[in-house]
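Okay, so here's the structure we're looking at.
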Amino acid sequence: MCTLLDRGLEMSDATGYLRPVEAGASAELDGAAAIFDRACPGRRMDAQRPDGAQRHPLLGSYLGMWVAWATDEEARFRGSSGGTLTALHQWLVSRDVDARIVSAAASQAAPSRTVPVTITTKAQALASAGSRYAPVAVAGDPAILQAPTAVTGKPCEVSALRAARLTDDAPLLLSFFCAGTPNQSATEKLVRDLGGPEIDAVTSLRYRGDGWPGRFVAAFDGGEVSTDYENSWGSTLGPATQWRCKICPDGIGESADVVAADSWDTDERGYPVFDEGAGQSALIARTPRGLAAVLAAEEAGFLQLKPLDPGALVSAQPLQASRRTFLFARLLGSRLAGRPAPRYRGYGLLRLSLSAPRTAIRTARGTFRRVRTALKARQ
């Protein structure tokens, strides 16, 4: 958001995470301080409550919820989980020759990096398919100020864009369930741990896709290294997510018009199963505009939809359910230890933590100890 509010700043990943740095003369937008205060997800986030929507305590507001996949087999295969966001991108550019979608993809110059891209064709939509578990500032792309047709970004970016209201012609906001942004160094470590070359020698890098859930694959001249999703995320990428992501109330994209998620099958214990299969997404329309887009994409033949019970999605996403349930306790422990947190409104976090008080107390105590230890180590 900082590049939107002060053109003298840009996002840098010198620490492995994206942070604003000075880049030249300031050209501040009118009312930038007020916009920043209401929109920056590091300061505050407000839950969206669209008229007519149902509300689930763990999944947020919705007007429609489905198991979905792209009808185009290549889009379904290339996408991380059924290719539904790719299908929506392709539908948008097919119905309007002037459509522009701001999203993210691998950098052509440095494939291990992730950069904002502008999609105007079905081929470009397909080329950007697949998750990118690395820092990228989609909401910081200057193209955001050029009134794109749609923006696909992390839930925090979508929240900021909705709250900022920088243009009168608001784009369709698309997002996905997000467990956090890993440090860029985690990607480099994973390639090394798998026996790959120095990161500059990597010629292509895919985190997921080409199947569901798909494998992490880093290619280079003479070969490639790869591992499955459970190992890549569980062993290296997931543990490298930043603190702000660990206290996020909205990994489920409540501010989006449409949000997609993995609709995992579960075993007899209720745990997700990561066996390879034909990709499928959970697709949630959160606003009337989002509902209209999903149904129009289905009617145009880009999406296949089946009704989804919210309880099945909660079972398929245990990390999101647990994080949201005990987030109030985690925030309380953090604040008591001396680490401030953003303001979150409308998410019902206190009520969720009170539903399991013993676990909430343990969570608050554990967070307090970890934060205190981390703060003392910095002194």
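Identifiers in this document derive from the order of the structure tokens: chains are assigned A, B, ..., residues are numbered from 1 separately in each chain, and ligands are numbered from 1 in order of occurrence.
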
Sorted by chain and rising residue number, which residues of segment 10-70 of chain A lie within 10 Å of segment 240-249 of chain A, and what are their closest atom pairs and distances in Å to one decimal, counting only C-alpha atoms, as a Markdown table?
| residue | atom | partner | partner_atom | distance |
| --- | --- | --- | --- | --- |
| A:Gly16 | CA | A:Gln242 | CA | 9.8 |
| A:Tyr17 | CA | A:Gln242 | CA | 7.7 |
| A:Pro41 | CA | A:Cys248 | CA | 9.0 |
| A:Gly42 | CA | A:Arg244 | CA | 7.4 |
| A:Met45 | CA | A:Pro249 | CA | 8.2 |
| A:Asp46 | CA | A:Pro249 | CA | 9.5 |
| A:Ala47 | CA | A:Pro249 | CA | 9.0 |
| A:Leu58 | CA | A:Pro249 | CA | 10.0 |

Test item, strand (DSSP E) assignment across segment 190-337 of chain A, answer as a ChimeraX atom specification: /A:202-206,216-220,223-227,258-262,265-266,272-273,281-285,303-307

Do a neighbour search on Leu173 of chain A at 9 Å with only C-alpha atoms, toss out local chain neighbours closer than 2 positions, and write the hits as a list in words. Ala150, Val151, Thr152, Gly153, Val158, Leu161, Arg162, Ala170, Pro171, Ser175, Ser255, Ala256, Asp257, Val258, Val259 and Gly290 of chain A

Atom CA of Ser334 of chain A to atom CA of Phe368 of chain A measures 5.5 Å

Hey, which of A:Leu237, A:Ala147, A:Ile35, A:Ile119 ends up closest to Pro135 of chain A? Count only C-alpha atoms. A:Leu237

Can you check which parts of segment 49-106 of chain A lie within 6 Å of segment 300-308 of chain A? Per residue, the shortest pair of atoms and distance in Å to one decimal, counting only C-alpha atoms, sorted by chain and number, as a tab-separated table.
residue	atom	partner	partner_atom	distance
A:Met65	CA	A:Leu308	CA	5.6
A:Trp66	CA	A:Pro307	CA	4.4
A:Val67	CA	A:Lys306	CA	5.1
A:Ala68	CA	A:Leu305	CA	4.6
A:Trp69	CA	A:Gln304	CA	5.5
A:Ala70	CA	A:Leu303	CA	4.8
A:Thr71	CA	A:Leu303	CA	5.4
A:Ala87	CA	A:Phe302	CA	5.7

Written selection (C-alpha atoms) as a PDB file, in the first residue's frame:
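Dumped everything to part.pdb:
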ATOM      1  CA  MET A  65     -20.291 -21.592  -1.738  1.00  0.00           C
ATOM      2  CA  TRP A  66     -19.302 -24.375  -4.127  1.00  0.00           C
ATOM      3  CA  VAL A  67     -16.825 -27.069  -5.006  1.00  0.00           C
ATOM      4  CA  ALA A  68     -15.570 -25.768  -8.341  1.00  0.00           C
ATOM      5  CA  TRP A  69     -13.045 -26.352 -11.097  1.00  0.00           C
ATOM      6  CA  ALA A  70     -12.106 -24.927 -14.479  1.00  0.00           C
ATOM      7  CA  THR A  71     -13.823 -26.652 -17.380  1.00  0.00           C
ATOM      8  CA  ALA A  87     -10.874 -19.648 -15.209  1.00  0.00           C
TER       9      ALA A  87
END

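When the distance limit is 6 Å and only C-alpha atoms are what count, the residues near Val115 of chain A, minus those fewer than 6 positions from it on the same chain, are Ala104, Ala105, Ser107 and Val136 of chain A.
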
Proximity check segment 107-142 of chain A to segment 200-221 of chain A, 7 Å, nearest pairs one decimal Å, only C-alpha atoms, as CSV:
residue,atom,partner,partner_atom,distance
A:Pro111,CA,A:Ser204,CA,5.1
A:Ser112,CA,A:Leu205,CA,5.7
A:Gly130,CA,A:Gly209,CA,5.2
A:Ser131,CA,A:Arg208,CA,5.9
A:Arg132,CA,A:Tyr207,CA,6.1
A:Tyr133,CA,A:Tyr207,CA,6.8

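Put simply, atom CA of Asp13 of chain A is 7.9 Å away from atom CA of Gln184 of chain A.
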